[in-house]
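In what follows, a single structure is set out as structure tokens and then discussed.
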Amino acid sequence: MPRRFAAGIQRMAEGLTPGWLGCRLDAAAASLPTGVDAAVGRPLAVRLGEASPVAGSVFGVVVPFVGAGHLAVESDARDPSVARWLRGLLLRVLAALPDGALRVAAVDGATLGAVFGPFRAMVEAEAWRRPAIDLPGFQQVLAEAEERIERVQAGEADPSVLLLCVAAMPQGAGRAEWSRLAAIAHAGPAVGVFLLVAGYPPPQHPGLEAAPRLERTTHLTAAGSGLFRVSDPPGPHRFSDDGTGLAAPMRLDGGPPDDLVETVCRRLAKAARVQASTDFAALMPAEIWQESSVGGMRTVVGREGRAECVLALDDATPHWLVGGRTGSGKTVFLLDVLYGLASRYSPDELGLYLLDFKEGVSFAEFTPTAVDPSWIPHARTVGIESDREYGLAVLRTLSREMTRRATELKRAGVTKLADLRAGRPDVAMPRLVAVIDEFHVLFEGNDAVARQAVALLEELARKGRSYGIHLVLASQTISGVEALFAKTESIFGQFPLRVALAGGGGILTSSTTAPTTSLSAQPSSTRRPGYQGRTGSSASRTPMPRRLPRSGTCCGTPARRATRHPRCSPGTPSSTPTPIPPLPVSHRTYGDGGRWSAAPSTSACRPPGSRSTPLQAAIWRCSAPPRSGPTF
């Protein structure tokens with residue numbers, strides 16, 4: 001009778017754990033398909049080991065895990081059998097869930113990360129973080145889980161699952177860390193955060209308070225001779241009526257061979273690289289010029305795991321500071337931002353002032369050339385290889401525009417651009433974005449030009465937010481510029497969003513209260529996974545690096561869009577665009593020249609010589625010759 005009962009339980013266990021969730025972890029398992037045995041958002045049942053109620057009879061022990069609750073085992077990974085079992089359980093969940101759905105934050109305070117060594121391909125593909133091996137690293141992992149919980153509770157969607165896997169507590173972990181684990185155990189399942197913890201609860205020392213028990217957790221307690229007692233799992237289905245758990249002790253499953261783990265991880269890492277990569281076209285909206293800038297502007301700049309990374313220019317983050325060494329991808333990032341904004345907001349909603357002080361051609365493709373006469377109609381001023389006097393003239397122009405807007409707001413009895421535009425939709429007052437690449441050149445020398453530029457920049461930084469004028473400053477560093485020594489906080493304290501590319505960590509230290517974003521446009525093989533920058537409280541934590549497109553071009557051509565002339569009807573050839581004569585200097589300034597509309601382009605509406613792209617169309621100007629630029 002007991003043997004028939006055990007055989008029946010075994011059949012039930014096999015039915016609950018298809019494929020990777022219950023298979024033998026041997027070489028034959030490598031042929032099993034991955035990503036088909038479980039789904040995100042539904043409880044995942046997983047095999048833990050075998051129990052033998054009587055001699056000659058065994059059955060698999062299965063408990064609900066990811067999607068339902070947590071797992072905690074009393075012994076940590078210093079026990080080789082626990083280390084092997086932990087690897088096997090992690091492999092089961094990784095291979096069962098859809099590709100890219102599982103993010104793992106690993107902690108190994110006993111073997112310097114050796115427990116997770118066979119999973120190194122996932123770390124190299126930046127699908128997982130490098131295992132934390134000390135107390136600060138453990139605290140940072142806890143902070144990541146807490147941040148994820150806060151974000152999802154606030155309404156942000158995140159389709160992935162975060163598994164916090166602790167192979168052994170690091171030295172120095174105490175009551176504070178245990179309490180944070182308990183809080184994560186309580187709130188995590190509702191937002192896709194789960195725990196797999198070895199060495200919990202930690203040994204209780206005389207005179208010290210015991211570690212809190214983790215809610216919604218299946219606890220495995222050592223019973224001697226390599227056996228473990230299994231508590232009742234979370235959920236409605238229990239092993240016992242009196243809360244004592246499974247009546248028979250369980251022996252942990254043996255771990256998989258390292259080459260099986262490595263084989264599966266290489267396969268999944270390859271898929272993770274494909275999923276995480278993005279190109280320029282993927283950042284563009286489905287239709288151009290469909291959004292309003294009344295309350296601010298937003299654009300997609302890359303990906304964070306499976307989700308889009310969106311940055312905003314609004315009252316909360318009115319100005320951006322971008323840092324990074326030469327070759328880190330600053331120009332690529334700026335072009336992605338500019339094309340993203342120009343495709344979402346029409347020239348009635350957005351105006352651009354673009355300056356490049358690095359003696360390059362970063363913004364040349366925003367202007368007409370002999371090779372390609374198309375351009376971006378949002379651009380009011382484009383400075384290529386700009387000199388300092390011209391940069392000063394552009395700042396003066398923006399200051400005069402800010403004064404004009406202030407007068408309009410006073411007349412309307414409001415204090416913000418959004419309030420004015422909401423009450424006066426007839427007033428054409430687009431948001432203005434001034435992008436200055438290598439801006440420190442403008443302030444070199446500490447001469448009259450530098451002093452005037454500092455005063456104007458400070459005024460724009462402090463007041464621009466209320467009038468819809470935003471600054472995006474990019475440089476290798478903001479230190480060492482003499483003209484800015486006394487103005488560092490008064491100016492850069494107004495830049496709450498910092499984008500730190502490779503080598504640009506210095507911009508994160510000038511203000512301890514500024515939100516920071518760490519981005520990367522480098523090939524994945526050159527980037528170090530994990531946190532970058534500061535550690536500590538939530539106000540100064542730096543999120544996981546986001547992936548940026550590899551270049552600002554699409555299919556080998558500059559990623560531009562063109563729109564049909566406003567007076568054209570679909571399928572009707574347009575009039576020849578008004579030619580724009582080149583200015584005698586490298587600075588080209590365009591006026592707004594009336595209102596704009598967006599429509600699908602036709603080949604007849606493209607200016608001669610323009611290059612086609614996989615985007616819906618290129619943005620180009622059909623009428624109104626350019627006005628003269630700023631005078632100085």
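A note on labels: chains of the structure tokens are A, B, ... as shown, every chain counts residues from 1, and ligands are counted from 1 in their shown order.
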- Task: Pick out the residues sitting within 8 Å of Arg251 (chain A), and hand them over as a ChimeraX atom specification; count only C-alpha atoms, and ignore anything fewer than 5 positions along from it in its own chain.
- Result: /A:49-51,226-228
Save the residues we just selected, all heavy atoms, as an mmCIF file, in the first residue's frame?
data_model
loop_
_atom_site.group_PDB
_atom_site.id
_atom_site.type_symbol
_atom_site.label_atom_id
_atom_site.label_comp_id
_atom_site.auth_asym_id
_atom_site.auth_seq_id
_atom_site.Cartn_x
_atom_site.Cartn_y
_atom_site.Cartn_z
ATOM 1 N N GLY A 49 13.831 17.286 -4.930
ATOM 2 C CA GLY A 49 14.574 16.080 -4.575
ATOM 3 C C GLY A 49 13.632 14.889 -4.475
ATOM 4 O O GLY A 49 12.542 14.899 -5.065
ATOM 5 N N GLU A 50 14.048 13.880 -3.709
ATOM 6 C CA GLU A 50 13.261 12.659 -3.569
ATOM 7 C C GLU A 50 13.059 12.337 -2.092
ATOM 8 O O GLU A 50 13.950 12.545 -1.267
ATOM 9 C CB GLU A 50 13.956 11.474 -4.242
ATOM 10 C CG GLU A 50 13.954 11.537 -5.763
ATOM 11 C CD GLU A 50 14.588 10.311 -6.392
ATOM 12 O OE1 GLU A 50 15.315 9.582 -5.676
ATOM 13 O OE2 GLU A 50 14.348 10.079 -7.592
ATOM 14 N N ALA A 51 11.854 11.825 -1.795
ATOM 15 C CA ALA A 51 11.547 11.337 -0.447
ATOM 16 C C ALA A 51 11.246 9.855 -0.532
ATOM 17 O O ALA A 51 10.724 9.364 -1.538
ATOM 18 C CB ALA A 51 10.360 12.091 0.139
ATOM 19 N N GLY A 226 22.307 14.085 5.535
ATOM 20 C CA GLY A 226 22.071 14.631 4.210
ATOM 21 C C GLY A 226 20.618 14.808 3.851
ATOM 22 O O GLY A 226 20.310 15.129 2.693
ATOM 23 N N LEU A 227 19.706 14.600 4.814
ATOM 24 C CA LEU A 227 18.270 14.742 4.564
ATOM 25 C C LEU A 227 17.773 16.097 5.061
ATOM 26 O O LEU A 227 18.375 16.718 5.937
ATOM 27 C CB LEU A 227 17.498 13.615 5.245
ATOM 28 C CG LEU A 227 17.856 12.193 4.812
ATOM 29 C CD1 LEU A 227 17.094 11.171 5.653
ATOM 30 C CD2 LEU A 227 17.562 11.993 3.325
ATOM 31 N N PHE A 228 16.620 16.530 4.503
ATOM 32 C CA PHE A 228 16.028 17.814 4.876
ATOM 33 C C PHE A 228 14.529 17.650 5.089
ATOM 34 O O PHE A 228 13.859 16.909 4.352
ATOM 35 C CB PHE A 228 16.272 18.863 3.782
ATOM 36 C CG PHE A 228 17.689 19.347 3.700
ATOM 37 C CD1 PHE A 228 18.637 18.612 2.995
ATOM 38 C CD2 PHE A 228 18.083 20.506 4.338
ATOM 39 C CE1 PHE A 228 19.948 19.040 2.922
ATOM 40 C CE2 PHE A 228 19.397 20.938 4.271
ATOM 41 C CZ PHE A 228 20.334 20.205 3.566
#
- Polymer residues at most 12 Å from region 17-20 of chain A, only C-alpha atoms, same-chain spacing of 4 or more positions, as number ranges by chain: A: 10-13, 24-26, 28-38, 43-48, 60-65, 88-97, 256, 264
Could you write out that same residue set with N, CA and C atoms as a short mmCIF file (atom, residue, chain, number, x, y, z; two decimals), in the first residue's frame?
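Everything below was put into result-v3.cif:
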data_model
loop_
_atom_site.label_atom_id
_atom_site.label_comp_id
_atom_site.auth_asym_id
_atom_site.auth_seq_id
_atom_site.Cartn_x
_atom_site.Cartn_y
_atom_site.Cartn_z
N GLN A 10 4.39 10.02 -7.30
CA GLN A 10 5.43 10.22 -8.31
C GLN A 10 4.83 10.60 -9.65
N ARG A 11 3.73 9.95 -10.02
CA ARG A 11 3.08 10.28 -11.29
C ARG A 11 2.53 11.71 -11.26
N MET A 12 1.98 12.11 -10.11
CA MET A 12 1.47 13.48 -9.98
C MET A 12 2.62 14.49 -10.09
N ALA A 13 3.75 14.16 -9.46
CA ALA A 13 4.90 15.06 -9.50
C ALA A 13 5.41 15.23 -10.92
N ARG A 24 15.77 14.59 -15.40
CA ARG A 24 17.08 14.25 -14.86
C ARG A 24 18.10 15.21 -15.47
N LEU A 25 18.91 15.82 -14.64
CA LEU A 25 19.87 16.81 -15.11
C LEU A 25 21.17 16.11 -15.51
N ASP A 26 21.13 15.44 -16.65
CA ASP A 26 22.31 14.77 -17.18
C ASP A 26 22.54 15.24 -18.60
N ALA A 28 21.74 14.09 -21.39
CA ALA A 28 20.60 13.98 -22.30
C ALA A 28 19.70 15.21 -22.23
N ALA A 29 19.72 15.93 -21.11
CA ALA A 29 18.84 17.09 -20.96
C ALA A 29 19.22 18.22 -21.90
N ALA A 30 20.44 18.22 -22.42
CA ALA A 30 20.88 19.30 -23.31
C ALA A 30 20.04 19.39 -24.57
N SER A 31 19.38 18.30 -24.95
CA SER A 31 18.57 18.30 -26.17
C SER A 31 17.17 18.85 -25.95
N LEU A 32 16.79 19.10 -24.71
CA LEU A 32 15.45 19.61 -24.43
C LEU A 32 15.33 21.06 -24.88
N PRO A 33 14.17 21.45 -25.42
CA PRO A 33 13.99 22.87 -25.79
C PRO A 33 13.88 23.73 -24.54
N THR A 34 14.34 24.97 -24.63
CA THR A 34 14.27 25.89 -23.51
C THR A 34 13.14 26.90 -23.74
N GLY A 35 12.67 27.45 -22.63
CA GLY A 35 11.68 28.53 -22.70
C GLY A 35 10.26 28.10 -22.97
N VAL A 36 9.93 26.80 -22.83
CA VAL A 36 8.59 26.33 -23.18
C VAL A 36 7.86 25.66 -22.02
N ASP A 37 8.52 25.48 -20.88
CA ASP A 37 7.92 24.70 -19.80
C ASP A 37 7.22 25.55 -18.75
N ALA A 38 7.34 26.86 -18.81
CA ALA A 38 6.71 27.74 -17.83
C ALA A 38 6.42 29.07 -18.49
N PRO A 43 2.25 30.45 -11.52
CA PRO A 43 3.10 29.70 -10.60
C PRO A 43 3.86 28.58 -11.30
N LEU A 44 5.11 28.48 -10.97
CA LEU A 44 6.00 27.48 -11.55
C LEU A 44 6.31 26.44 -10.47
N ALA A 45 5.94 25.18 -10.72
CA ALA A 45 6.27 24.10 -9.79
C ALA A 45 7.60 23.48 -10.19
N VAL A 46 8.46 23.19 -9.21
CA VAL A 46 9.79 22.70 -9.52
C VAL A 46 10.14 21.53 -8.60
N ARG A 47 10.88 20.60 -9.11
CA ARG A 47 11.31 19.43 -8.34
C ARG A 47 12.52 19.81 -7.48
N LEU A 48 12.49 19.40 -6.21
CA LEU A 48 13.57 19.68 -5.28
C LEU A 48 14.44 18.46 -5.00
N GLY A 60 9.15 12.06 -6.18
CA GLY A 60 9.75 13.38 -6.31
C GLY A 60 9.00 14.41 -5.48
N VAL A 61 9.72 15.25 -4.80
CA VAL A 61 9.13 16.33 -4.01
C VAL A 61 9.06 17.58 -4.88
N VAL A 62 7.86 18.07 -5.05
CA VAL A 62 7.61 19.23 -5.92
C VAL A 62 6.94 20.32 -5.09
N VAL A 63 7.41 21.56 -5.25
CA VAL A 63 6.80 22.70 -4.55
C VAL A 63 6.62 23.85 -5.53
N PRO A 64 5.67 24.73 -5.28
CA PRO A 64 5.55 25.94 -6.11
C PRO A 64 6.68 26.91 -5.78
N PHE A 65 7.21 27.53 -6.82
CA PHE A 65 8.34 28.43 -6.59
C PHE A 65 8.08 29.75 -7.30
N GLY A 88 21.49 23.25 -9.82
CA GLY A 88 20.46 22.51 -10.55
C GLY A 88 19.12 23.22 -10.53
N LEU A 89 18.73 23.73 -9.37
CA LEU A 89 17.45 24.43 -9.28
C LEU A 89 17.46 25.69 -10.13
N LEU A 90 18.58 26.42 -10.11
CA LEU A 90 18.70 27.63 -10.91
C LEU A 90 18.63 27.29 -12.40
N LEU A 91 19.27 26.20 -12.81
CA LEU A 91 19.23 25.79 -14.21
C LEU A 91 17.81 25.41 -14.62
N ARG A 92 17.08 24.72 -13.77
CA ARG A 92 15.70 24.34 -14.10
C ARG A 92 14.85 25.57 -14.39
N VAL A 93 14.91 26.55 -13.51
CA VAL A 93 14.08 27.75 -13.67
C VAL A 93 14.52 28.54 -14.90
N LEU A 94 15.82 28.68 -15.08
CA LEU A 94 16.35 29.44 -16.21
C LEU A 94 15.92 28.82 -17.54
N ALA A 95 16.01 27.51 -17.64
CA ALA A 95 15.70 26.84 -18.91
C ALA A 95 14.20 26.72 -19.14
N ALA A 96 13.39 26.75 -18.08
CA ALA A 96 11.95 26.57 -18.23
C ALA A 96 11.25 27.85 -18.65
N LEU A 97 11.67 29.00 -18.09
CA LEU A 97 11.02 30.26 -18.40
C LEU A 97 11.39 30.73 -19.81
N PRO A 256 23.59 19.34 -11.73
CA PRO A 256 23.92 19.00 -13.11
C PRO A 256 25.43 19.08 -13.33
N VAL A 264 23.80 25.09 -21.92
CA VAL A 264 22.51 25.79 -21.90
C VAL A 264 22.71 27.30 -21.80
#
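Of the listed residues A:Ala422, A:Ile384, A:Ala106, A:Met250, the one whose atoms come nearest to Leu220 (chain A) is A:Met250, with distances taken using only C-alpha atoms.
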- Message: So that I can check the surroundings of Pro212 (chain A), please list as a ChimeraX atom specification every protein, DNA and RNA residue that reaches within 8 Å of it, counting only C-alpha atoms and ignoring chain neighbours fewer than 6 positions away.
- Response: /A:178-179,182,201
- Task: Quick one: pick out all strand (DSSP E) residues within region 166-367 of chain A from a backbone DSSP run and write them as number ranges by chain.
- Result: A: 166-168, 193-198, 217-224, 227-230, 250-252, 297-304, 307-313, 320-323, 350-356
- Task: For Ala127 (chain A), please output as a ChimeraX atom specification all residues within 9 Å (counting only C-alpha atoms; exclusion window: fewer than 6 positions along the same chain).
- Result: /A:100,102-104,121,269,272-273,276,305,529
Just-selected residues, all heavy atoms written as an mmCIF file, in the first residue's frame:
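Now in part_7.cif:
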data_model
loop_
_atom_site.group_PDB
_atom_site.id
_atom_site.type_symbol
_atom_site.label_atom_id
_atom_site.label_comp_id
_atom_site.auth_asym_id
_atom_site.auth_seq_id
_atom_site.Cartn_x
_atom_site.Cartn_y
_atom_site.Cartn_z
ATOM 1 N N GLY A 100 15.090 35.239 -21.760
ATOM 2 C CA GLY A 100 15.184 36.627 -21.344
ATOM 3 C C GLY A 100 14.230 37.033 -20.258
ATOM 4 O O GLY A 100 14.274 38.180 -19.800
ATOM 5 N N LEU A 102 14.044 35.829 -17.153
ATOM 6 C CA LEU A 102 14.594 35.711 -15.808
ATOM 7 C C LEU A 102 15.853 36.545 -15.664
ATOM 8 O O LEU A 102 16.806 36.395 -16.420
ATOM 9 C CB LEU A 102 14.924 34.244 -15.497
ATOM 10 C CG LEU A 102 15.509 33.973 -14.106
ATOM 11 C CD1 LEU A 102 14.470 34.216 -13.025
ATOM 12 C CD2 LEU A 102 16.055 32.540 -14.004
ATOM 13 N N ARG A 103 15.855 37.440 -14.686
ATOM 14 C CA ARG A 103 17.056 38.171 -14.287
ATOM 15 C C ARG A 103 17.474 37.645 -12.929
ATOM 16 O O ARG A 103 16.643 37.479 -12.036
ATOM 17 C CB ARG A 103 16.780 39.671 -14.199
ATOM 18 C CG ARG A 103 16.514 40.334 -15.524
ATOM 19 C CD ARG A 103 16.040 41.766 -15.327
ATOM 20 N NE ARG A 103 16.880 42.466 -14.366
ATOM 21 C CZ ARG A 103 16.439 43.449 -13.577
ATOM 22 N NH1 ARG A 103 15.167 43.808 -13.608
ATOM 23 N NH2 ARG A 103 17.258 44.055 -12.754
ATOM 24 N N VAL A 104 18.753 37.386 -12.774
ATOM 25 C CA VAL A 104 19.267 36.810 -11.529
ATOM 26 C C VAL A 104 20.235 37.784 -10.889
ATOM 27 O O VAL A 104 21.161 38.281 -11.543
ATOM 28 C CB VAL A 104 19.965 35.454 -11.789
ATOM 29 C CG1 VAL A 104 20.615 34.943 -10.509
ATOM 30 C CG2 VAL A 104 18.948 34.439 -12.305
ATOM 31 N N ALA A 121 28.501 32.574 -18.753
ATOM 32 C CA ALA A 121 28.074 33.088 -20.064
ATOM 33 C C ALA A 121 26.936 34.090 -19.927
ATOM 34 O O ALA A 121 26.846 35.044 -20.707
ATOM 35 C CB ALA A 121 27.650 31.942 -20.976
ATOM 36 N N ALA A 269 22.557 32.787 -23.603
ATOM 37 C CA ALA A 269 23.286 34.050 -23.673
ATOM 38 C C ALA A 269 23.249 34.618 -25.091
ATOM 39 O O ALA A 269 23.143 35.834 -25.278
ATOM 40 C CB ALA A 269 24.726 33.850 -23.216
ATOM 41 N N ALA A 272 19.997 36.163 -25.466
ATOM 42 C CA ALA A 272 19.907 37.380 -24.661
ATOM 43 C C ALA A 272 20.566 38.549 -25.363
ATOM 44 O O ALA A 272 20.081 39.686 -25.306
ATOM 45 C CB ALA A 272 20.546 37.152 -23.289
ATOM 46 N N ARG A 273 21.693 38.306 -26.030
ATOM 47 C CA ARG A 273 22.362 39.392 -26.753
ATOM 48 C C ARG A 273 21.477 39.920 -27.870
ATOM 49 O O ARG A 273 21.412 41.122 -28.121
ATOM 50 C CB ARG A 273 23.684 38.901 -27.315
ATOM 51 C CG ARG A 273 24.764 38.651 -26.270
ATOM 52 C CD ARG A 273 26.103 38.378 -26.932
ATOM 53 N NE ARG A 273 27.145 38.136 -25.960
ATOM 54 C CZ ARG A 273 27.526 36.930 -25.556
ATOM 55 N NH1 ARG A 273 26.957 35.845 -26.085
ATOM 56 N NH2 ARG A 273 28.473 36.792 -24.657
ATOM 57 N N ALA A 276 18.562 41.934 -26.299
ATOM 58 C CA ALA A 276 18.958 43.189 -25.661
ATOM 59 C C ALA A 276 19.439 44.220 -26.656
ATOM 60 O O ALA A 276 19.439 45.411 -26.367
ATOM 61 C CB ALA A 276 20.055 42.923 -24.626
ATOM 62 N N GLY A 305 17.176 45.817 -20.270
ATOM 63 C CA GLY A 305 16.633 44.464 -20.273
ATOM 64 C C GLY A 305 15.619 44.327 -21.393
ATOM 65 O O GLY A 305 15.893 44.600 -22.563
ATOM 66 N N PRO A 529 29.618 44.272 -16.593
ATOM 67 C CA PRO A 529 28.262 44.259 -16.071
ATOM 68 C C PRO A 529 28.235 44.694 -14.621
ATOM 69 O O PRO A 529 29.224 44.638 -13.918
ATOM 70 C CB PRO A 529 27.852 42.785 -16.222
ATOM 71 C CG PRO A 529 29.132 42.041 -16.219
ATOM 72 C CD PRO A 529 30.139 42.950 -16.864
#
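Checking A:Met297, A:Leu71, A:Leu471, A:Leu484 one by one against Tyr345 (chain A), counting only C-alpha atoms, you find the shortest gap at A:Met297.
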List as a short mmCIF file (atom, residue, chain, number, x, y, z; two decimals) with N, CA, C and O atoms, in the first residue's frame the protein and nucleic acid residues near region 186-198 of chain A, meaning an atom at most 8 Å away when only C-alpha atoms are counted, but skip any in the same chain fewer than 3 places from it.
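The resulting part.cif:
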data_model
loop_
_atom_site.label_atom_id
_atom_site.label_comp_id
_atom_site.auth_asym_id
_atom_site.auth_seq_id
_atom_site.Cartn_x
_atom_site.Cartn_y
_atom_site.Cartn_z
N GLY A 41 4.20 35.01 -14.82
CA GLY A 41 2.89 35.38 -14.28
C GLY A 41 2.09 34.22 -13.77
O GLY A 41 1.05 34.42 -13.13
N VAL A 66 8.82 30.08 -8.33
CA VAL A 66 8.66 31.36 -9.03
C VAL A 66 7.21 31.52 -9.49
O VAL A 66 6.64 30.62 -10.08
N GLY A 67 6.64 32.67 -9.21
CA GLY A 67 5.23 32.92 -9.50
C GLY A 67 4.34 32.66 -8.31
O GLY A 67 3.18 33.09 -8.31
N ALA A 68 4.87 31.97 -7.28
CA ALA A 68 4.07 31.66 -6.10
C ALA A 68 4.74 32.10 -4.81
O ALA A 68 4.09 32.64 -3.91
N GLY A 69 6.04 31.84 -4.67
CA GLY A 69 6.71 32.17 -3.42
C GLY A 69 8.21 31.95 -3.51
O GLY A 69 8.80 32.01 -4.59
N HIS A 70 8.82 31.67 -2.37
CA HIS A 70 10.27 31.63 -2.26
C HIS A 70 10.72 30.27 -1.73
O HIS A 70 9.92 29.44 -1.27
N LEU A 71 12.05 30.06 -1.79
CA LEU A 71 12.68 28.85 -1.25
C LEU A 71 13.84 29.27 -0.36
O LEU A 71 14.63 30.15 -0.71
N ALA A 72 13.97 28.61 0.80
CA ALA A 72 15.09 28.85 1.71
C ALA A 72 15.56 27.52 2.26
O ALA A 72 14.75 26.70 2.71
N VAL A 73 16.87 27.28 2.22
CA VAL A 73 17.45 26.05 2.75
C VAL A 73 18.40 26.42 3.89
O VAL A 73 19.14 27.40 3.80
N GLU A 74 18.36 25.64 4.97
CA GLU A 74 19.09 26.01 6.19
C GLU A 74 20.60 26.00 5.98
O GLU A 74 21.31 26.86 6.50
N SER A 75 21.13 25.05 5.23
CA SER A 75 22.57 24.97 4.99
C SER A 75 22.93 25.86 3.80
O SER A 75 22.12 26.04 2.88
N ASP A 76 24.14 26.41 3.80
CA ASP A 76 24.54 27.25 2.68
C ASP A 76 25.47 26.49 1.74
O ASP A 76 25.73 25.29 1.92
N ALA A 77 26.01 27.18 0.75
CA ALA A 77 26.77 26.54 -0.32
C ALA A 77 28.14 26.07 0.12
O ALA A 77 28.88 25.53 -0.72
N VAL A 82 24.63 21.12 -1.21
CA VAL A 82 23.74 22.28 -1.34
C VAL A 82 24.16 23.12 -2.55
O VAL A 82 23.31 23.61 -3.30
N ALA A 145 16.50 44.93 -5.60
CA ALA A 145 15.20 44.27 -5.44
C ALA A 145 14.18 45.24 -4.87
O ALA A 145 13.02 45.28 -5.31
N ARG A 148 13.09 47.67 -7.57
CA ARG A 148 12.16 47.02 -8.50
C ARG A 148 10.76 46.95 -7.89
O ARG A 148 9.75 47.25 -8.55
N ILE A 149 10.67 46.60 -6.63
CA ILE A 149 9.37 46.52 -5.96
C ILE A 149 8.69 47.89 -5.94
O ILE A 149 7.50 48.02 -6.25
N VAL A 152 7.43 48.90 -9.57
CA VAL A 152 6.24 48.19 -10.04
C VAL A 152 5.03 48.56 -9.21
O VAL A 152 3.92 48.69 -9.72
N GLN A 153 5.22 48.74 -7.91
CA GLN A 153 4.10 49.17 -7.07
C GLN A 153 3.59 50.55 -7.48
O GLN A 153 2.41 50.85 -7.30
N SER A 160 9.73 41.13 -16.75
CA SER A 160 10.71 40.13 -16.36
C SER A 160 10.48 39.65 -14.92
O SER A 160 9.70 40.23 -14.16
N VAL A 161 11.19 38.60 -14.56
CA VAL A 161 11.19 38.07 -13.20
C VAL A 161 12.58 38.30 -12.62
O VAL A 161 13.58 38.02 -13.27
N LEU A 162 12.63 38.83 -11.40
CA LEU A 162 13.91 39.02 -10.71
C LEU A 162 14.03 37.97 -9.63
O LEU A 162 13.19 37.87 -8.73
N LEU A 163 15.08 37.15 -9.71
CA LEU A 163 15.35 36.11 -8.72
C LEU A 163 16.60 36.49 -7.95
O LEU A 163 17.69 36.57 -8.52
N LEU A 164 16.44 36.74 -6.66
CA LEU A 164 17.57 37.05 -5.79
C LEU A 164 18.07 35.72 -5.22
O LEU A 164 17.39 35.09 -4.42
N CYS A 165 19.24 35.29 -5.69
CA CYS A 165 19.77 33.97 -5.33
C CYS A 165 20.98 34.13 -4.43
O CYS A 165 22.02 34.63 -4.85
N VAL A 166 20.85 33.70 -3.18
CA VAL A 166 21.92 33.82 -2.19
C VAL A 166 22.49 32.43 -1.92
O VAL A 166 21.80 31.58 -1.33
N ALA A 167 23.73 32.20 -2.34
CA ALA A 167 24.37 30.91 -2.07
C ALA A 167 24.92 30.85 -0.66
O ALA A 167 24.97 29.78 -0.05
N ALA A 168 25.35 31.98 -0.12
CA ALA A 168 25.86 32.07 1.25
C ALA A 168 25.87 33.53 1.65
O ALA A 168 26.25 34.40 0.86
N MET A 169 25.45 33.81 2.88
CA MET A 169 25.47 35.18 3.37
C MET A 169 26.91 35.67 3.50
O MET A 169 27.78 34.95 4.00
N ALA A 182 13.28 39.86 4.69
CA ALA A 182 11.91 39.56 5.10
C ALA A 182 10.92 40.49 4.42
O ALA A 182 9.82 40.06 4.02
N ALA A 183 11.28 41.76 4.28
CA ALA A 183 10.39 42.71 3.61
C ALA A 183 10.24 42.35 2.13
O ALA A 183 9.14 42.45 1.56
N LEU A 214 10.77 34.09 6.85
CA LEU A 214 10.37 34.62 5.56
C LEU A 214 8.96 34.16 5.20
O LEU A 214 8.66 32.96 5.24
N GLU A 215 8.11 35.12 4.84
CA GLU A 215 6.75 34.79 4.44
C GLU A 215 6.74 34.13 3.06
O GLU A 215 7.64 34.31 2.26
N ARG A 216 5.67 33.37 2.81
CA ARG A 216 5.43 32.76 1.51
C ARG A 216 6.66 31.99 1.02
O ARG A 216 7.06 32.09 -0.13
#
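Ranking A:Ala125, A:Ala222, A:Leu135, A:Ile184 by their shortest atom-to-atom distance to Gly172 (chain A), with only C-alpha atoms included, puts A:Leu135 first.
In this structure, CA of Ala450 (chain A) sits 9.4 Å away from CA of Glu389 (chain A).
In this model, the gap between CA of Asp253 (chain A) and CA of Ala105 (chain A) comes to 22.9 Å.
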- Per DSSP on the backbone, filter region 62-244 of chain A down to the residues in alpha helix (DSSP H) and report them as a VMD selection string. chain A and resid 80 to 96 120 to 124 135 to 153 175 to 187
I'd like the contact shell of Pro430 (chain A) - 6 Å cut-off, only C-alpha atoms, skipping same-chain residues fewer than 2 positions apart - returned as a PDB file with N, CA, C and O atoms, in the first residue's frame.
ATOM      1  N   ASP A 348       6.160  72.738 -34.558  1.00  0.00           N
ATOM      2  CA  ASP A 348       5.305  73.587 -33.732  1.00  0.00           C
ATOM      3  C   ASP A 348       5.447  73.243 -32.256  1.00  0.00           C
ATOM      4  O   ASP A 348       5.048  74.033 -31.396  1.00  0.00           O
ATOM      5  N   GLU A 349       5.983  72.061 -31.956  1.00  0.00           N
ATOM      6  CA  GLU A 349       6.129  71.613 -30.575  1.00  0.00           C
ATOM      7  C   GLU A 349       7.573  71.653 -30.093  1.00  0.00           C
ATOM      8  O   GLU A 349       7.822  71.618 -28.889  1.00  0.00           O
ATOM      9  N   LEU A 350       8.532  71.718 -31.021  1.00  0.00           N
ATOM     10  CA  LEU A 350       9.935  71.590 -30.654  1.00  0.00           C
ATOM     11  C   LEU A 350      10.819  72.412 -31.578  1.00  0.00           C
ATOM     12  O   LEU A 350      10.653  72.370 -32.803  1.00  0.00           O
TER      13      LEU A 350
END
What's around Gly351 (chain A) at 10 Å? Count only C-alpha atoms, leave out sequence neighbours fewer than 6 positions away in its own chain, and write the answer as a compact mmCIF listing (two decimals) with C-alpha atoms, in the first residue's frame.
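Saved the output as out23.txt:
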# COMPACT_ATOMS: atom_id res chain seq x y z
CA LEU A 341 12.44 64.00 -30.28
CA ALA A 342 12.17 65.31 -33.85
CA TYR A 345 7.20 66.33 -31.88
CA PRO A 377 12.97 71.47 -39.93
CA HIS A 378 13.11 71.75 -36.13
CA ALA A 379 16.68 73.10 -36.29
CA ARG A 380 16.74 76.84 -35.65
CA THR A 381 20.53 76.99 -35.46
CA MET A 429 5.41 78.52 -28.31
CA PRO A 430 7.31 75.26 -28.84
CA ARG A 431 9.74 73.91 -26.29
CA LEU A 432 13.33 74.72 -27.17
CA VAL A 433 16.25 72.35 -26.67
CA ALA A 434 19.83 73.65 -26.88
CA ILE A 469 13.87 76.07 -22.63
CA GLY A 591 13.66 80.21 -39.08
CA ASP A 592 10.46 78.42 -38.20
